[in-house]
file protein-v5.csv (CSV, C-alpha atoms)
chain,number,residue,atom,x,y,z
A,501,THR,CA,-32.9,-99.2,149.0
A,502,ASN,CA,-31.0,-98.1,146.0
A,503,LEU,CA,-30.0,-94.9,147.7
A,504,HIS,CA,-29.0,-96.8,150.8
A,505,GLY,CA,-27.0,-99.2,148.7
A,506,CYS,CA,-25.3,-96.3,146.9
A,507,SER,CA,-24.4,-94.7,150.2
A,508,MET,CA,-23.0,-97.9,151.5
A,509,TYR,CA,-21.0,-98.4,148.3
A,510,LYS,CA,-19.6,-94.9,148.6
A,511,LEU,CA,-18.7,-95.6,152.3
A,512,TYR,CA,-17.0,-98.9,151.4
A,513,PHE,CA,-15.2,-97.2,148.6
A,514,PHE,CA,-14.0,-94.4,150.9
A,515,LEU,CA,-12.9,-96.9,153.5
A,516,LEU,CA,-11.0,-98.9,150.9
A,517,CYS,CA,-9.3,-95.8,149.6
A,518,ALA,CA,-8.3,-94.8,153.2
A,519,ILE,CA,-6.9,-98.3,153.8
A,520,LEU,CA,-5.0,-98.3,150.5
A,521,CYS,CA,-3.6,-94.8,151.2
A,522,THR,CA,-2.5,-95.8,154.7
A,523,SER,CA,-0.8,-98.9,153.4
A,524,CYS,CA,0.9,-96.8,150.7
A,525,SER,CA,2.2,-94.3,153.2
A,526,LYS,CA,3.6,-97.1,155.3
A,527,LYS,CA,6.0,-98.4,152.7
A,528,TYR,CA,9.6,-97.4,152.0
A,529,LYS,CA,11.5,-97.7,148.8
A,530,ILE,CA,15.2,-97.4,148.5
A,531,GLU,CA,16.8,-96.7,145.2
A,532,GLY,CA,20.6,-96.5,145.2
A,533,THR,CA,23.3,-95.6,142.8
A,534,SER,CA,27.0,-96.3,143.1
A,535,SER,CA,29.9,-95.0,141.0
A,536,VAL,CA,32.4,-97.1,143.0
A,537,SER,CA,33.1,-100.0,140.6
A,538,MET,CA,34.4,-102.3,143.4
A,539,LEU,CA,30.9,-102.4,144.9
A,540,ASP,CA,29.5,-104.2,141.9
A,541,GLY,CA,28.4,-107.7,142.8
A,542,LYS,CA,28.5,-106.8,146.6
A,543,MET,CA,25.6,-107.4,148.9
A,544,LEU,CA,24.1,-104.5,150.9
A,545,PHE,CA,22.0,-105.1,154.0
A,546,ILE,CA,19.7,-103.0,156.1
A,547,LYS,CA,20.1,-103.9,159.8
A,548,ILE,CA,18.1,-102.7,162.8
A,549,PRO,CA,18.7,-103.2,166.5
A,550,VAL,CA,16.4,-105.7,168.2
A,551,GLY,CA,17.3,-106.1,171.8
A,552,ASP,CA,21.1,-106.5,172.0
A,553,ARG,CA,21.5,-107.8,168.4
A,554,LEU,CA,21.2,-106.5,164.8
A,555,VAL,CA,18.7,-108.1,162.5
A,556,ASN,CA,18.6,-108.0,158.7
A,557,ILE,CA,15.4,-106.5,157.4
A,558,ASP,CA,16.3,-106.1,153.7
A,559,SER,CA,19.2,-106.7,151.3
A,560,ALA,CA,20.1,-106.1,147.7
A,561,GLU,CA,22.9,-106.8,145.3
A,562,VAL,CA,24.7,-103.9,143.6
A,563,ILE,CA,24.3,-104.6,139.8
A,564,HIS,CA,25.9,-102.2,137.3
A,565,GLY,CA,26.0,-99.5,140.0
A,566,LEU,CA,22.3,-99.8,140.9
A,567,PHE,CA,20.5,-101.4,143.9
A,568,GLU,CA,16.9,-101.3,145.1
A,569,MET,CA,15.0,-102.4,148.3
A,570,GLN,CA,11.5,-101.9,149.5
A,571,GLY,CA,9.2,-103.0,152.3
A,572,LYS,CA,6.7,-102.0,154.9
A,573,VAL,CA,7.4,-99.7,157.8
A,574,ASP,CA,5.7,-100.7,161.1
A,575,SER,CA,7.4,-97.8,162.9
A,576,THR,CA,10.2,-95.4,162.0
A,577,VAL,CA,13.5,-96.8,163.0
A,578,LEU,CA,17.2,-95.8,162.9
A,579,ALA,CA,18.9,-98.6,160.9
A,580,SER,CA,22.4,-99.1,159.4
A,581,LEU,CA,23.5,-99.8,155.9
A,582,TYR,CA,26.0,-102.7,155.8
A,583,MET,CA,28.2,-104.0,153.1
A,584,ASP,CA,28.9,-107.6,154.1
A,585,ASP,CA,29.8,-107.2,157.8
A,586,ASP,CA,30.9,-103.6,157.6
A,587,CYS,CA,28.6,-100.8,158.7
A,588,ILE,CA,29.0,-98.0,156.1
A,589,MET,CA,26.2,-95.5,157.1
A,590,PRO,CA,23.2,-95.0,159.4
A,591,LEU,CA,19.9,-94.3,157.8
A,592,VAL,CA,16.3,-93.9,158.9
A,593,ILE,CA,13.7,-96.4,157.6
A,594,GLU,CA,10.6,-94.3,157.3
A,595,PRO,CA,7.7,-94.1,154.8
A,596,GLY,CA,8.7,-92.7,151.4
A,597,HIS,CA,11.3,-92.8,148.7
A,598,ILE,CA,14.9,-93.0,150.0
A,599,ALA,CA,17.7,-92.2,147.6
A,600,ILE,CA,21.2,-93.5,148.4
A,601,GLN,CA,24.2,-92.3,146.4
A,602,ILE,CA,27.6,-93.8,147.0
A,603,ASP,CA,30.7,-92.3,145.4
A,604,ASN,CA,34.4,-91.8,146.2
A,605,ALA,CA,33.5,-88.7,148.2
A,606,GLY,CA,31.2,-90.6,150.5
A,607,ILE,CA,27.5,-91.6,151.0
A,608,THR,CA,24.5,-89.4,150.7
A,609,ILE,CA,21.1,-90.6,151.9
A,610,LYS,CA,18.1,-88.3,151.2
A,611,GLY,CA,14.5,-88.2,150.1
A,612,THR,CA,12.5,-88.5,153.4
A,613,PRO,CA,12.2,-85.9,156.2
A,614,LEU,CA,14.4,-87.5,158.8
A,615,ASN,CA,17.0,-88.7,156.3
A,616,ASP,CA,17.2,-85.2,154.8
A,617,CYS,CA,17.7,-83.8,158.4
A,618,PHE,CA,20.4,-86.3,159.2
A,619,ASN,CA,22.2,-85.8,155.9
A,620,ASP,CA,22.3,-82.0,156.7
A,621,PHE,CA,23.9,-82.8,160.1
A,622,VAL,CA,26.5,-85.2,158.5
A,623,MET,CA,27.4,-82.5,155.9
A,624,GLN,CA,28.0,-79.9,158.6
A,625,LYS,CA,30.0,-82.4,160.7
A,626,ASN,CA,32.1,-83.3,157.7
A,627,SER,CA,32.8,-79.7,157.1
A,628,LEU,CA,34.1,-79.2,160.7
A,629,ASP,CA,36.1,-82.4,160.4
A,630,ASP,CA,37.8,-81.0,157.2
A,631,ARG,CA,38.6,-77.8,159.1
A,632,ALA,CA,40.1,-79.8,161.9
A,633,TYR,CA,42.3,-81.7,159.4
A,634,GLU,CA,43.4,-78.4,158.0
A,635,VAL,CA,44.4,-77.1,161.4
A,636,GLU,CA,46.7,-80.1,162.0
A,637,HIS,CA,48.4,-79.4,158.6
A,638,GLU,CA,48.7,-75.7,159.5
A,639,GLU,CA,50.6,-76.7,162.7
A,640,SER,CA,53.1,-78.7,160.6
A,641,ARG,CA,53.6,-75.8,158.1
A,642,MET,CA,54.1,-73.3,160.9
A,643,ILE,CA,56.8,-75.5,162.5
A,644,MET,CA,58.5,-76.0,159.2
A,645,ASP,CA,58.5,-72.3,158.6
A,646,GLY,CA,60.5,-71.9,161.8
A,647,LYS,CA,57.9,-70.2,163.9
A,648,ASP,CA,58.4,-70.2,167.7
A,649,LEU,CA,57.0,-73.6,169.1
A,650,GLN,CA,55.2,-71.9,172.0
A,651,THR,CA,53.5,-69.5,169.7
A,652,VAL,CA,52.5,-72.3,167.3
A,653,HIS,CA,51.1,-74.4,170.2
A,654,GLU,CA,49.0,-71.5,171.5
A,655,GLU,CA,47.6,-70.5,168.1
A,656,ILE,CA,46.8,-74.1,167.1
A,657,GLN,CA,45.3,-74.9,170.5
A,658,LYS,CA,43.0,-71.9,170.3
A,659,LYS,CA,41.7,-73.1,166.9
A,660,ARG,CA,41.3,-76.7,168.2
A,661,ASP,CA,39.3,-75.4,171.1
A,662,GLN,CA,37.1,-73.3,168.9
A,663,LEU,CA,36.4,-76.2,166.5
A,664,SER,CA,35.7,-78.5,169.4
A,665,GLU,CA,33.1,-76.0,170.8
A,666,GLU,CA,31.5,-75.7,167.3
A,667,MET,CA,31.2,-79.5,167.1
A,668,ASN,CA,29.7,-79.8,170.5
A,669,GLN,CA,27.2,-77.0,169.8
A,670,LEU,CA,26.3,-78.7,166.4
A,671,THR,CA,25.8,-82.1,168.1
A,672,LYS,CA,23.9,-80.7,171.1
A,673,THR,CA,21.5,-78.6,169.0
A,674,PHE,CA,20.9,-81.5,166.6
A,675,ILE,CA,20.0,-83.9,169.4
A,676,GLN,CA,17.8,-81.3,171.2
A,677,ASP,CA,15.9,-80.6,167.9
A,678,ASN,CA,15.4,-84.3,167.5
A,679,TYR,CA,14.7,-85.4,171.1
A,680,GLU,CA,11.3,-86.7,170.1
A,681,ASN,CA,12.2,-88.8,167.1
A,682,VAL,CA,14.8,-91.6,166.4
A,683,LEU,CA,17.6,-89.3,165.4
A,684,GLY,CA,18.1,-87.7,168.9
A,685,PRO,CA,18.7,-91.0,170.8
A,686,GLY,CA,20.6,-92.4,167.7
A,687,VAL,CA,23.2,-89.6,167.6
A,688,PHE,CA,23.5,-89.6,171.4
A,689,LEU,CA,24.4,-93.3,171.3
A,690,MET,CA,26.8,-92.7,168.4
A,691,LEU,CA,28.5,-90.2,170.7
A,692,GLY,CA,28.8,-92.8,173.4
A,693,ASN,CA,30.1,-95.4,170.9
A,694,SER,CA,32.9,-93.1,169.9
A,695,LEU,CA,34.3,-93.3,173.5
A,696,PRO,CA,36.7,-96.0,174.7
A,697,TYR,CA,33.9,-97.3,177.0
A,698,PRO,CA,30.5,-96.0,178.1
A,699,LEU,CA,30.9,-92.6,179.9
A,700,LEU,CA,28.9,-89.4,180.2
A,701,THR,CA,31.0,-86.5,179.0
A,702,PRO,CA,30.0,-83.0,180.2
A,703,LEU,CA,28.2,-82.5,176.9
A,704,MET,CA,26.3,-85.7,177.2
A,705,GLN,CA,25.3,-84.9,180.8
A,706,GLU,CA,24.0,-81.5,179.6
A,707,ILE,CA,21.9,-83.2,176.8
A,708,ILE,CA,20.5,-85.7,179.3
A,709,GLU,CA,19.6,-83.1,181.9
A,710,GLY,CA,17.6,-81.0,179.4
A,711,ALA,CA,15.9,-83.9,177.7
A,712,PRO,CA,12.2,-84.7,177.9
A,713,ASP,CA,11.0,-87.9,179.6
A,714,SER,CA,10.4,-89.6,176.2
A,715,PHE,CA,14.1,-89.3,175.5
A,716,LYS,CA,15.3,-90.3,179.0
A,717,ASN,CA,12.9,-93.3,179.0
A,718,ASN,CA,14.2,-94.7,175.7
A,719,TYR,CA,15.3,-98.2,176.5
A,720,MET,CA,18.7,-97.9,174.9
A,721,ILE,CA,19.4,-94.5,176.4
A,722,GLN,CA,18.5,-95.9,179.9
A,723,GLU,CA,20.9,-98.8,179.3
A,724,TYR,CA,23.7,-96.6,178.2
A,725,VAL,CA,23.3,-94.0,181.0
A,726,SER,CA,23.1,-96.8,183.6
A,727,VAL,CA,26.3,-98.5,182.5
A,728,ALA,CA,28.1,-95.1,182.0
A,729,ARG,CA,27.2,-94.0,185.6
A,730,GLU,CA,28.3,-97.3,187.0
A,731,ASN,CA,31.7,-97.0,185.1
A,732,MET,CA,32.1,-93.4,186.3
A,733,SER,CA,31.4,-94.3,189.9
A,734,HIS,CA,34.4,-96.7,189.8
A,735,ALA,CA,36.7,-94.3,187.9
A,736,PRO,CA,39.8,-93.1,189.8
A,737,PHE,CA,38.8,-89.5,189.3
A,738,HIS,CA,35.6,-89.9,191.3

call {"tool": "encode", "arguments": {"input": "protein-v5.csv", "output": "structure tokens"}}
result
Amino acid sequence: TNLHGCSMYKLYFFLLCAILCTSCSKKYKIEGTSSVSMLDGKMLFIKIPVGDRLVNIDSAEVIHGLFEMQGKVDSTVLASLYMDDDCIMPLVIEPGHIAIQIDNAGITIKGTPLNDCFNDFVMQKNSLDDRAYEVEHEESRMIMDGKDLQTVHEEIQKKRDQLSEEMNQLTKTFIQDNYENVLGPGVFLMLGNSLPYPLLTPLMQEIIEGAPDSFKNNYMIQEYVSVARENMSHAPFH
């Protein structure tokens, strides 16, 4: 009986440990730092999409450049970090320790696998944006230097096209690599939100055509594609 009791005790202890470990792994903790003094005293919110509206799931006040949030994760979700009513950055709410750093150069969100992955993508995109900004400045300099306008236009357009192709390739590869998690659909919808109204660009059509069913059957993707196709069927160029 003692042996049986001991075995049962070990079993219960093992199950308790398993439950505790599971609950530990299903929690997120956000620790943030800000060197932007105007943020002190401001409220930050984490919002997630529920149906067609955004719902607050967490909030924190920035005090002396620090803020902290924590909670349980039922499922990994792409959320948004808001300051008052302004969205300042997407982030993934997933189990683990998420570090947010806000400074005059921008916002960095790292510490968990999907946030690290998304942060790498944002850094590469920012680098391309910087290069695009430089190209526009280069055009002005060339004109001021008295170069032939036709030559300037051809050279600058070639650089614009190359950067556009690099940006498309970066975005396409990122979404393809993340078809099966929240980042793929999330970045696809960000592409859509950057357009004047829902449309499917050639890049977006290519992404959809090569996507697995799990991506195509995502509720928000289905909604977007449906509205975009409806818009395009009424567009004058169709």

call {"tool": "closest_residue", "arguments": {"input": "protein-v5.csv", "among": "A:Glu594, A:Ile656, A:Leu691, A:Asn718", "to": "Gln705 of chain A", "atoms": "all atoms listed in the file"}}
result
A:Leu691

call {"tool": "atom_distance", "arguments": {"input": "protein-v5.csv", "atom1": "atom CA of Tyr697 of chain A", "atom2": "atom CA of Glu730 of chain A"}}
result
11.5 Å

call {"tool": "closest_atom_pairs", "arguments": {"input": "protein-v5.csv", "of": "segment 662-709 of chain A", "to": "segment 574-578 of chain A", "cutoff": "8 Å", "atoms": "only C-alpha atoms", "output": "JSON lines"}}
result
{"residue": "A:Val682", "atom": "CA", "partner": "A:Leu578", "partner_atom": "CA", "distance": 6.0}
{"residue": "A:Leu683", "atom": "CA", "partner": "A:Leu578", "partner_atom": "CA", "distance": 7.0}
{"residue": "A:Gly686", "atom": "CA", "partner": "A:Leu578", "partner_atom": "CA", "distance": 6.8}

call {"tool": "closest_residue", "arguments": {"input": "protein-v5.csv", "among": "A:Thr608, A:Asn626, A:Ser664, A:Asn693", "to": "Gly532 of chain A", "atoms": "only C-alpha atoms"}}
result
A:Thr608

call {"tool": "closest_residue", "arguments": {"input": "protein-v5.csv", "among": "A:Leu566, A:Ile530, A:Met543, A:Val550", "to": "Leu591 of chain A", "atoms": "only C-alpha atoms"}}
result
A:Ile530

call {"tool": "closest_residue", "arguments": {"input": "protein-v5.csv", "among": "A:Gln601, A:Val635, A:Gly710, A:Glu666", "to": "His653 of chain A", "atoms": "only C-alpha atoms"}}
result
A:Val635

call {"tool": "residues_around", "arguments": {"input": "protein-v5.csv", "residues": "Met720 of chain A", "least_positions_apart": "3", "cutoff": "9 Å", "atoms": "all atoms listed in the file", "output": "PyMOL selection string"}}
result
chain A and resi 551+685+689+717+723-725

call {"tool": "closest_residue", "arguments": {"input": "protein-v5.csv", "among": "A:Tyr719, A:Val622, A:Glu561, A:Lys547", "to": "Thr671 of chain A", "atoms": "all atoms listed in the file"}}
result
A:Val622

call {"tool": "closest_residue", "arguments": {"input": "protein-v5.csv", "among": "A:Ile557, A:Met690, A:Val573, A:Leu649", "to": "Met589 of chain A", "atoms": "all atoms listed in the file"}}
result
A:Met690

call {"tool": "atom_distance", "arguments": {"input": "protein-v5.csv", "atom1": "atom CA of Glu638 of chain A", "atom2": "atom CA of Val652 of chain A"}}
result
9.3 Å

call {"tool": "atom_distance", "arguments": {"input": "protein-v5.csv", "atom1": "atom CA of Ser559 of chain A", "atom2": "atom CA of Leu544 of chain A"}}
result
5.4 Å

call {"tool": "residues_around", "arguments": {"input": "protein-v5.csv", "residues": "Glu634 of chain A", "least_positions_apart": "5", "cutoff": "12 Å", "atoms": "all atoms listed in the file", "output": "PyMOL selection string"}}
result
chain A and resi 627-629+639-641+656+659-660+663

call {"tool": "residues_around", "arguments": {"input": "protein-v5.csv", "residues": "Ser535 of chain A", "least_positions_apart": "4", "cutoff": "12 Å", "atoms": "all atoms listed in the file", "output": "number ranges by chain"}}
result
A: 539-540, 562-567, 600-607

call {"tool": "residues_around", "arguments": {"input": "protein-v5.csv", "residues": "segment 615-621 of chain A", "least_positions_apart": "3", "cutoff": "8 Å", "atoms": "all atoms listed in the file", "output": "PyMOL selection string"}}
result
chain A and resi 591-592+598+608-612+624-625+670+674+683

call {"tool": "residues_around", "arguments": {"input": "protein-v5.csv", "residues": "Pro549 of chain A", "least_positions_apart": "5", "cutoff": "8 Å", "atoms": "all atoms listed in the file", "output": "ChimeraX atom specification"}}
result
/A:554-555,579

call {"tool": "decode", "arguments": {"input": "protein-v5.csv", "residues": "segment 720-731 of chain A", "atoms": "all heavy atoms", "output": "PDB file, in the first residue's frame"}}
result
ATOM      1  N   MET A 720     -10.141  36.459 -42.089  1.00  0.00           N
ATOM      2  CA  MET A 720      -9.866  37.838 -42.499  1.00  0.00           C
ATOM      3  C   MET A 720      -9.307  37.907 -43.919  1.00  0.00           C
ATOM      4  O   MET A 720      -9.571  38.852 -44.657  1.00  0.00           O
ATOM      5  CB  MET A 720      -8.924  38.517 -41.496  1.00  0.00           C
ATOM      6  CG  MET A 720      -9.571  38.695 -40.135  1.00  0.00           C
ATOM      7  SD  MET A 720      -8.467  39.432 -38.911  1.00  0.00           S
ATOM      8  CE  MET A 720      -8.533  41.150 -39.399  1.00  0.00           C
ATOM      9  N   ILE A 721      -8.537  36.886 -44.304  1.00  0.00           N
ATOM     10  CA  ILE A 721      -8.028  36.819 -45.686  1.00  0.00           C
ATOM     11  C   ILE A 721      -9.198  36.620 -46.647  1.00  0.00           C
ATOM     12  O   ILE A 721      -9.291  37.289 -47.689  1.00  0.00           O
ATOM     13  CB  ILE A 721      -7.000  35.673 -45.848  1.00  0.00           C
ATOM     14  CG1 ILE A 721      -5.749  35.932 -45.007  1.00  0.00           C
ATOM     15  CG2 ILE A 721      -6.635  35.469 -47.320  1.00  0.00           C
ATOM     16  CD1 ILE A 721      -4.867  37.060 -45.478  1.00  0.00           C
ATOM     17  N   GLN A 722     -10.095  35.693 -46.306  1.00  0.00           N
ATOM     18  CA  GLN A 722     -11.258  35.441 -47.157  1.00  0.00           C
ATOM     19  C   GLN A 722     -12.094  36.714 -47.349  1.00  0.00           C
ATOM     20  O   GLN A 722     -12.536  37.021 -48.453  1.00  0.00           O
ATOM     21  CB  GLN A 722     -12.133  34.341 -46.550  1.00  0.00           C
ATOM     22  CG  GLN A 722     -11.570  32.933 -46.747  1.00  0.00           C
ATOM     23  CD  GLN A 722     -12.528  31.864 -46.238  1.00  0.00           C
ATOM     24  OE1 GLN A 722     -13.268  32.084 -45.282  1.00  0.00           O
ATOM     25  NE2 GLN A 722     -12.506  30.711 -46.859  1.00  0.00           N
ATOM     26  N   GLU A 723     -12.312  37.441 -46.237  1.00  0.00           N
ATOM     27  CA  GLU A 723     -13.088  38.682 -46.288  1.00  0.00           C
ATOM     28  C   GLU A 723     -12.421  39.688 -47.222  1.00  0.00           C
ATOM     29  O   GLU A 723     -13.073  40.297 -48.069  1.00  0.00           O
ATOM     30  CB  GLU A 723     -13.189  39.295 -44.883  1.00  0.00           C
ATOM     31  CG  GLU A 723     -14.206  38.635 -43.974  1.00  0.00           C
ATOM     32  CD  GLU A 723     -15.625  39.016 -44.341  1.00  0.00           C
ATOM     33  OE1 GLU A 723     -15.965  40.210 -44.252  1.00  0.00           O
ATOM     34  OE2 GLU A 723     -16.395  38.119 -44.748  1.00  0.00           O
ATOM     35  N   TYR A 724     -11.114  39.866 -47.042  1.00  0.00           N
ATOM     36  CA  TYR A 724     -10.397  40.850 -47.853  1.00  0.00           C
ATOM     37  C   TYR A 724     -10.438  40.476 -49.336  1.00  0.00           C
ATOM     38  O   TYR A 724     -10.744  41.313 -50.189  1.00  0.00           O
ATOM     39  CB  TYR A 724      -8.935  40.990 -47.392  1.00  0.00           C
ATOM     40  CG  TYR A 724      -8.201  42.029 -48.202  1.00  0.00           C
ATOM     41  CD1 TYR A 724      -8.214  43.357 -47.818  1.00  0.00           C
ATOM     42  CD2 TYR A 724      -7.550  41.683 -49.395  1.00  0.00           C
ATOM     43  CE1 TYR A 724      -7.575  44.332 -48.585  1.00  0.00           C
ATOM     44  CE2 TYR A 724      -6.921  42.650 -50.172  1.00  0.00           C
ATOM     45  CZ  TYR A 724      -6.940  43.973 -49.756  1.00  0.00           C
ATOM     46  OH  TYR A 724      -6.335  44.926 -50.531  1.00  0.00           O
ATOM     47  N   VAL A 725     -10.117  39.213 -49.635  1.00  0.00           N
ATOM     48  CA  VAL A 725     -10.059  38.768 -51.033  1.00  0.00           C
ATOM     49  C   VAL A 725     -11.430  38.910 -51.695  1.00  0.00           C
ATOM     50  O   VAL A 725     -11.539  39.355 -52.843  1.00  0.00           O
ATOM     51  CB  VAL A 725      -9.549  37.309 -51.117  1.00  0.00           C
ATOM     52  CG1 VAL A 725      -9.711  36.753 -52.527  1.00  0.00           C
ATOM     53  CG2 VAL A 725      -8.082  37.248 -50.697  1.00  0.00           C
ATOM     54  N   SER A 726     -12.478  38.587 -50.946  1.00  0.00           N
ATOM     55  CA  SER A 726     -13.837  38.683 -51.477  1.00  0.00           C
ATOM     56  C   SER A 726     -14.182  40.129 -51.852  1.00  0.00           C
ATOM     57  O   SER A 726     -14.669  40.404 -52.950  1.00  0.00           O
ATOM     58  CB  SER A 726     -14.824  38.149 -50.438  1.00  0.00           C
ATOM     59  OG  SER A 726     -16.143  38.378 -50.850  1.00  0.00           O
ATOM     60  N   VAL A 727     -13.907  41.059 -50.938  1.00  0.00           N
ATOM     61  CA  VAL A 727     -14.200  42.484 -51.187  1.00  0.00           C
ATOM     62  C   VAL A 727     -13.319  43.005 -52.322  1.00  0.00           C
ATOM     63  O   VAL A 727     -13.788  43.740 -53.202  1.00  0.00           O
ATOM     64  CB  VAL A 727     -13.987  43.319 -49.898  1.00  0.00           C
ATOM     65  CG1 VAL A 727     -14.103  44.812 -50.195  1.00  0.00           C
ATOM     66  CG2 VAL A 727     -14.984  42.913 -48.826  1.00  0.00           C
ATOM     67  N   ALA A 728     -12.031  42.614 -52.322  1.00  0.00           N
ATOM     68  CA  ALA A 728     -11.102  43.078 -53.360  1.00  0.00           C
ATOM     69  C   ALA A 728     -11.548  42.616 -54.747  1.00  0.00           C
ATOM     70  O   ALA A 728     -11.533  43.406 -55.705  1.00  0.00           O
ATOM     71  CB  ALA A 728      -9.693  42.567 -53.051  1.00  0.00           C
ATOM     72  N   ARG A 729     -11.961  41.366 -54.848  1.00  0.00           N
ATOM     73  CA  ARG A 729     -12.395  40.835 -56.159  1.00  0.00           C
ATOM     74  C   ARG A 729     -13.675  41.519 -56.622  1.00  0.00           C
ATOM     75  O   ARG A 729     -13.847  41.790 -57.818  1.00  0.00           O
ATOM     76  CB  ARG A 729     -12.560  39.313 -56.078  1.00  0.00           C
ATOM     77  CG  ARG A 729     -11.198  38.624 -56.067  1.00  0.00           C
ATOM     78  CD  ARG A 729     -11.263  37.120 -56.138  1.00  0.00           C
ATOM     79  NE  ARG A 729      -9.923  36.570 -56.320  1.00  0.00           N
ATOM     80  CZ  ARG A 729      -9.500  35.422 -55.799  1.00  0.00           C
ATOM     81  NH1 ARG A 729     -10.313  34.685 -55.075  1.00  0.00           N
ATOM     82  NH2 ARG A 729      -8.264  35.008 -56.005  1.00  0.00           N
ATOM     83  N   GLU A 730     -14.543  41.808 -55.668  1.00  0.00           N
ATOM     84  CA  GLU A 730     -15.787  42.525 -56.000  1.00  0.00           C
ATOM     85  C   GLU A 730     -15.452  43.923 -56.527  1.00  0.00           C
ATOM     86  O   GLU A 730     -16.001  44.368 -57.540  1.00  0.00           O
ATOM     87  CB  GLU A 730     -16.657  42.630 -54.740  1.00  0.00           C
ATOM     88  CG  GLU A 730     -17.978  43.363 -54.929  1.00  0.00           C
ATOM     89  CD  GLU A 730     -18.987  42.610 -55.785  1.00  0.00           C
ATOM     90  OE1 GLU A 730     -18.800  41.380 -56.021  1.00  0.00           O
ATOM     91  OE2 GLU A 730     -19.952  43.245 -56.221  1.00  0.00           O
ATOM     92  N   ASN A 731     -14.538  44.619 -55.848  1.00  0.00           N
ATOM     93  CA  ASN A 731     -14.117  45.958 -56.291  1.00  0.00           C
ATOM     94  C   ASN A 731     -13.504  45.910 -57.683  1.00  0.00           C
ATOM     95  O   ASN A 731     -13.784  46.753 -58.534  1.00  0.00           O
ATOM     96  CB  ASN A 731     -13.079  46.544 -55.316  1.00  0.00           C
ATOM     97  CG  ASN A 731     -13.680  46.952 -53.995  1.00  0.00           C
ATOM     98  OD1 ASN A 731     -14.880  47.182 -53.897  1.00  0.00           O
ATOM     99  ND2 ASN A 731     -12.853  47.053 -52.965  1.00  0.00           N
TER     100      ASN A 731
END
